[in-house]
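Notes follow the structure.
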Amino acid sequence: MSEDLAAAEVAAEQAFVDRVHTRLEESARAARELAREGHDRGRLGHEGGLVERDAMVHHAARRIAELDAAHEGLVFGRLDLRADTPAGEGGPRYVGRIGLRDEHRDSLLVDWRAPAAAVFYQATAAEPAGVVRRRVLRSSGRTVEGVEDELLDPTAPGAEELPVMGEGALMAQLSRARDRSMHSIVATIQAEQDRAIRAPVKGVVSISGGPGTGKTVVALHRAAYLLYSDRRRYETGGVLVVGPSGVFMRYIERVLPSLGETAVALRSLGEVVDGVRAERHDEPTVAEVKGSARMADVLVRLSRRQAPGSPGEFSVYYYDNRLRLDRGTLGRVRRQLMGQGRRNRQLSRVAGALIEALWRQVRSDRGRERGRPQFVDDMLSNDAFVDFAAAWWPPLSAHDVLGWLRDPDLLASVANGTLSDEEQRLLEKSWSSPGTSGTGMSIEDVPLLDELRYALGDVPAPADEADDLLTAAEGGIDLAELTTASDREYAPSGRAWSPPTGSIEDDAFAHVLVDEAQDLSPMQWRMVGRRGRTATWTVVGDPAQSSWPVPAEADAARAAALEKKVVHSFHLSTNYRNSAEIYAHAAAYAERVGLDADLPTAVRSTGVDPVVLTGVDDLQATTRSVVADLAARVDGTVGIVVPSARHSDVNRWLAGWTELADDAPGARQAAETGRTSSEDRVAVLTGLETKGLEFDAIAVVAPDEIEAESATGRATLYVVLTRATQLLTTISG
């Protein structure tokens with residue numbers, strides 16, 4: 001292929017891309033004009049004008065956001081279809097991030113999610129589906145830099161006249177350097193990936209596959225596809241994307257906006273509950289206890305306990321009668337109230353139930369002659385009774401109740417028979433002192449908090465209390481007289497816990513996407529399941545990478561969360577991330593340690609084998625040298641993966657590491673080619689934090705210690721060994 005012909009092909013595609021961008025700008029101006037017109041409608045002075053304003057402004061704002069997000073790689077695909085078919089009569093079909101029509105309302109650009117674009121991903125040489133040539137445009141901003149072609153039907157009329165250029169779009173994409181964010185694969189989606197993206201809407205789509213098969217990015221593209229196919233449902237109900245860590249969520253946060261979709265909530269497992277953000281993990285032994293399904297039973301018992309420090313009895317003298325609420329009577333009232341629903345929802349019934357228990361004790365003629373309505377009024381005007389009712393049944397927040405477990409005796413009373421003495425000791429230690437990595441809840445505490453939220457019910461908001469009247473006999477009392485702040489004595493000191501701000505009624509989503517699903521504990525499945533009771537689901541995972549030590553227990557919790565919804569399963573079999581050399585090393589480790597790993601086929605070879613350094617005397621000096629060398633040899637990111645116990649030490653070792661890069665092998669060449677070895681390309685992570693991430697180069701420090709950190713340490717190390725795309729070095733003492 002001559003350079004002149006290649007330049008001519010690029011110039012022709014550039015002309016079309018320029019035309020599309022011109023049309024994009026016209027559409028953006030029209031959307032802004034619609035927004036201005038909508039605001040003008042709001043000045044008409046009647047309700048109809050306000051409704052029209054809201055509708056027009058909302059539509060315009062959504063369209064403007066969609067158009068703004070589409071600039072990068074707006075046009076990425078072209079299909080040359082058989083001219084002897086109706087589909088091919090209109091000339092080439094271009095595929096892009098959004099759909100656009102020209103000034104005559106004819107299709108100019110087909111949205112990648114539209115049915116008309118499906119053949120771009122599904123056509124193969126064996127089954128070309130009417131496609132003669134498939135072309136991918138490589139662009140930077142508005143500039144077309146090159147094209148990559150596949151001739152799928154060389155026997156079609158006119159096929160011999162079509163130039164075929166490039167070495168393949170997928171391989172070009174796989175070879176590029178990584179940065180700190182995941183990017184969309186909208187231009188290079190493969191057929192097996194496309195089938196999962198366009199799967200039936202109802203039920204659960206389960207996407208499995210080994211490392212590097214694109215499970216995460218395929219799931220995110222499916223979320224974009226669902227929003228396109230049924231926007232009203234999924235924008236109104238919301239899409240929740242749950243990932244393993246804050247690091248992971250920051251890594252994927254640009255994918256959906258780059259596809260024009262912003263109506264999505266991205267939350268790590270420590271952020272699923274509104275108003276709560278946890279970033280640290282408990283030690284594996286503690287995490288195993290907190291994540292066990294048995295904790296649900298413990299927390300149900302806890303939610304039914306009387307608040308510590310609340311009064312245990314009450315008495316009042318009433319017209320020749322001494323009326324008592326002793327522990328037995330109060331126990332019966334408490335069980336009666338608990339049987340009617342969540343604890344906080346019974347606040348409006350508390351005084352009525354207590355008054356009824358007292359009225360049954362009135363025996364004197366004078367008391368009975370006054371009648372029950374007067375008795376109710378007398379009790380409700382009795383300050384001692386009102387104070388007792390408020391203190392005996394206070395509104396309880398989930399974070400306060402969870403804090404009660406700092407008391408070893410109370411913990412034992414609700415956990416005996418369910419948790420062993422050693423497990424109780426681990427919990428007591430966990431909740432009695434701040435975590436070593438800072439104050440605040442652990443990620444494993446968040447599902448426990450959520451469990452209590454649902455067991456207790458929402459705490460009434462102060463603004464609602466005046467409207468929530470307590471019915472007692474035929475009379476009533478303002479609940480505001482009975483609600484006081486709950487006893488904070490048992491809230492863990494020194495722990496920056498924040499109570500949830502949202503209502504449990506607001507937790508439901510229309511679609512829930514769970515990534516790294518194999519790592520969720522039973523309690524985390526219960527938490528996520530509450531958000532998707534009426535939702536469709538996308539569940540992504542690889543059992544061989546699981547960090548949860550009791551898979552059967554997690555599988556049962558997952559089945560309960562999905563509530564027997566129909567499951568559509570898709571398995572991805574090609575490793576696009578790792579070089580063949582790196583994945584062969586990781587696969588050999590998996591087989592050596594007995595992991596039942598799904599071993600996909602790596603499609604790319606670099607000719608560079610992983611480097612294994614053993615018997616290292618000076619771990620610090622060697623780590624600094626290796627990191628500097630890796631950063632000088634790759635354009636993109638470098639990950640340093642360390643045991644949790646060494647995280648702070650390795651960060652300290654690498655302070656000022658960039659000075660070393662100037663003297664490292666390949667550093668001069670890196671500088672001459674414009675590459676940088678600045679610290680923003682380098683991240684120090686624990687094994688668990690690497691879940692779902694990828695780097696151009698990885699240095700694994702003390703892999704034997706990563707393996708020994710937990711019962712699932714071998715699976716964690718296997719994950720670590722599959723994070724690199726180009727270079728891998730392990731460093732052992």
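Chain labels follow the order of the structure tokens: the first chain is A, the next B, and so on; residue numbering restarts at 1 in every chain, and ligands are counted from 1 in their shown order.
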Using only C-alpha atoms, what table do you get, as JSON lines, when you list each residue of region 152-265 of chain A with an atom no more than 12 Å from region 517-526 of chain A, its nearest pair of atoms, and their distance in Å rounded to one decimal, rows by chain then rising number?
```
{"residue": "A:Ser206", "atom": "CA", "partner": "A:Ala517", "partner_atom": "CA", "distance": 9.9}
{"residue": "A:Ile207", "atom": "CA", "partner": "A:Ala517", "partner_atom": "CA", "distance": 10.0}
{"residue": "A:Ser208", "atom": "CA", "partner": "A:Ala517", "partner_atom": "CA", "distance": 9.8}
{"residue": "A:Gly209", "atom": "CA", "partner": "A:Gln518", "partner_atom": "CA", "distance": 11.6}
{"residue": "A:Lys215", "atom": "CA", "partner": "A:Ala517", "partner_atom": "CA", "distance": 11.2}
{"residue": "A:Thr216", "atom": "CA", "partner": "A:Ala517", "partner_atom": "CA", "distance": 10.8}
{"residue": "A:Val241", "atom": "CA", "partner": "A:Ala517", "partner_atom": "CA", "distance": 11.5}
{"residue": "A:Val242", "atom": "CA", "partner": "A:Ala517", "partner_atom": "CA", "distance": 9.1}
{"residue": "A:Gly243", "atom": "CA", "partner": "A:Ala517", "partner_atom": "CA", "distance": 8.4}
{"residue": "A:Pro244", "atom": "CA", "partner": "A:Asp519", "partner_atom": "CA", "distance": 7.9}
{"residue": "A:Ser245", "atom": "CA", "partner": "A:Asp519", "partner_atom": "CA", "distance": 11.3}
```
Please produce a file of the residues just selected, as a JSON list (two decimals), in the first residue's frame, where the atoms kept are all heavy atoms.
```
[["chain", "number", "residue", "atom", "x", "y", "z"],
["A", 206, "SER", "N", -24.88, -12.68, 33.32],
["A", 206, "SER", "CA", -23.68, -13.09, 34.05],
["A", 206, "SER", "C", -22.53, -13.17, 33.06],
["A", 206, "SER", "O", -22.59, -13.91, 32.08],
["A", 206, "SER", "CB", -23.92, -14.45, 34.71],
["A", 206, "SER", "OG", -22.73, -14.93, 35.31],
["A", 207, "ILE", "N", -21.48, -12.39, 33.32],
["A", 207, "ILE", "CA", -20.32, -12.34, 32.43],
["A", 207, "ILE", "C", -19.12, -12.92, 33.19],
["A", 207, "ILE", "O", -18.69, -12.37, 34.20],
["A", 207, "ILE", "CB", -20.02, -10.91, 31.98],
["A", 207, "ILE", "CG1", -21.24, -10.31, 31.28],
["A", 207, "ILE", "CG2", -18.80, -10.87, 31.07],
["A", 207, "ILE", "CD1", -21.08, -8.84, 30.91],
["A", 208, "SER", "N", -18.61, -14.03, 32.70],
["A", 208, "SER", "CA", -17.47, -14.68, 33.34],
["A", 208, "SER", "C", -16.32, -14.76, 32.35],
["A", 208, "SER", "O", -16.48, -14.54, 31.15],
["A", 208, "SER", "CB", -17.85, -16.08, 33.83],
["A", 208, "SER", "OG", -18.19, -16.91, 32.73],
["A", 209, "GLY", "N", -15.17, -15.11, 32.87],
["A", 209, "GLY", "CA", -13.98, -15.23, 32.03],
["A", 209, "GLY", "C", -12.74, -14.98, 32.85],
["A", 209, "GLY", "O", -12.80, -14.38, 33.93],
["A", 215, "LYS", "N", -14.05, -8.22, 30.88],
["A", 215, "LYS", "CA", -15.35, -8.37, 31.55],
["A", 215, "LYS", "C", -15.89, -7.03, 32.03],
["A", 215, "LYS", "O", -17.06, -6.71, 31.83],
["A", 215, "LYS", "CB", -15.21, -9.34, 32.74],
["A", 215, "LYS", "CG", -14.77, -10.74, 32.37],
["A", 215, "LYS", "CD", -14.74, -11.66, 33.57],
["A", 215, "LYS", "CE", -13.73, -11.26, 34.63],
["A", 215, "LYS", "NZ", -12.33, -11.33, 34.14],
["A", 216, "THR", "N", -15.03, -6.25, 32.68],
["A", 216, "THR", "CA", -15.49, -4.98, 33.26],
["A", 216, "THR", "C", -15.95, -4.01, 32.20],
["A", 216, "THR", "O", -17.04, -3.44, 32.27],
["A", 216, "THR", "CB", -14.35, -4.34, 34.08],
["A", 216, "THR", "OG1", -14.03, -5.19, 35.18],
["A", 216, "THR", "CG2", -14.77, -2.98, 34.61],
["A", 241, "VAL", "N", -23.55, 0.98, 39.73],
["A", 241, "VAL", "CA", -22.36, 0.19, 39.41],
["A", 241, "VAL", "C", -21.56, 0.02, 40.69],
["A", 241, "VAL", "O", -21.14, 1.01, 41.31],
["A", 241, "VAL", "CB", -21.50, 0.86, 38.33],
["A", 241, "VAL", "CG1", -20.23, 0.05, 38.06],
["A", 241, "VAL", "CG2", -22.30, 1.04, 37.04],
["A", 242, "VAL", "N", -21.35, -1.22, 41.12],
["A", 242, "VAL", "CA", -20.65, -1.52, 42.37],
["A", 242, "VAL", "C", -19.33, -2.20, 42.04],
["A", 242, "VAL", "O", -19.29, -3.20, 41.32],
["A", 242, "VAL", "CB", -21.49, -2.44, 43.28],
["A", 242, "VAL", "CG1", -20.74, -2.75, 44.56],
["A", 242, "VAL", "CG2", -22.83, -1.78, 43.60],
["A", 243, "GLY", "N", -18.24, -1.65, 42.56],
["A", 243, "GLY", "CA", -16.92, -2.22, 42.35],
["A", 243, "GLY", "C", -16.20, -2.45, 43.66],
["A", 243, "GLY", "O", -16.67, -2.05, 44.73],
["A", 244, "PRO", "N", -15.03, -3.09, 43.62],
["A", 244, "PRO", "CA", -14.38, -3.54, 44.85],
["A", 244, "PRO", "C", -13.72, -2.45, 45.69],
["A", 244, "PRO", "O", -13.55, -2.64, 46.89],
["A", 244, "PRO", "CB", -13.32, -4.53, 44.33],
["A", 244, "PRO", "CG", -13.03, -4.07, 42.94],
["A", 244, "PRO", "CD", -14.32, -3.54, 42.40],
["A", 245, "SER", "N", -13.31, -1.32, 45.08],
["A", 245, "SER", "CA", -12.54, -0.34, 45.85],
["A", 245, "SER", "C", -12.68, 1.03, 45.23],
["A", 245, "SER", "O", -13.08, 1.19, 44.07],
["A", 245, "SER", "CB", -11.06, -0.74, 45.87],
["A", 245, "SER", "OG", -10.50, -0.63, 44.56]]
```
Q | Contacts of Leu717 (chain A) at 7 Å (only C-alpha atoms; same-chain gap of 3+ positions) as a PyMOL selection string | A | chain A and resi 687+703+706-707+713-714+720-721
Q) Of the residues A:Val550, A:Ile640, A:Leu427, A:Leu24, which is the one nearest to Val286 (chain A), using only C-alpha atoms? A) A:Leu427
Q) Skipping near chain neighbours, those fewer than 5 positions away, what residues fall within 9 Å of Asp365 (chain A) using only C-alpha atoms, listed as a ChimeraX atom specification? A) /A:319-320,370
Q) Taking only C-alpha atoms into account, which of A:Val20, A:Val567, A:Val119, A:Ala156 comes nearest Arg101 (chain A)? A)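 Selected residue with least distance to Arg101 (chain A): A:Val20.
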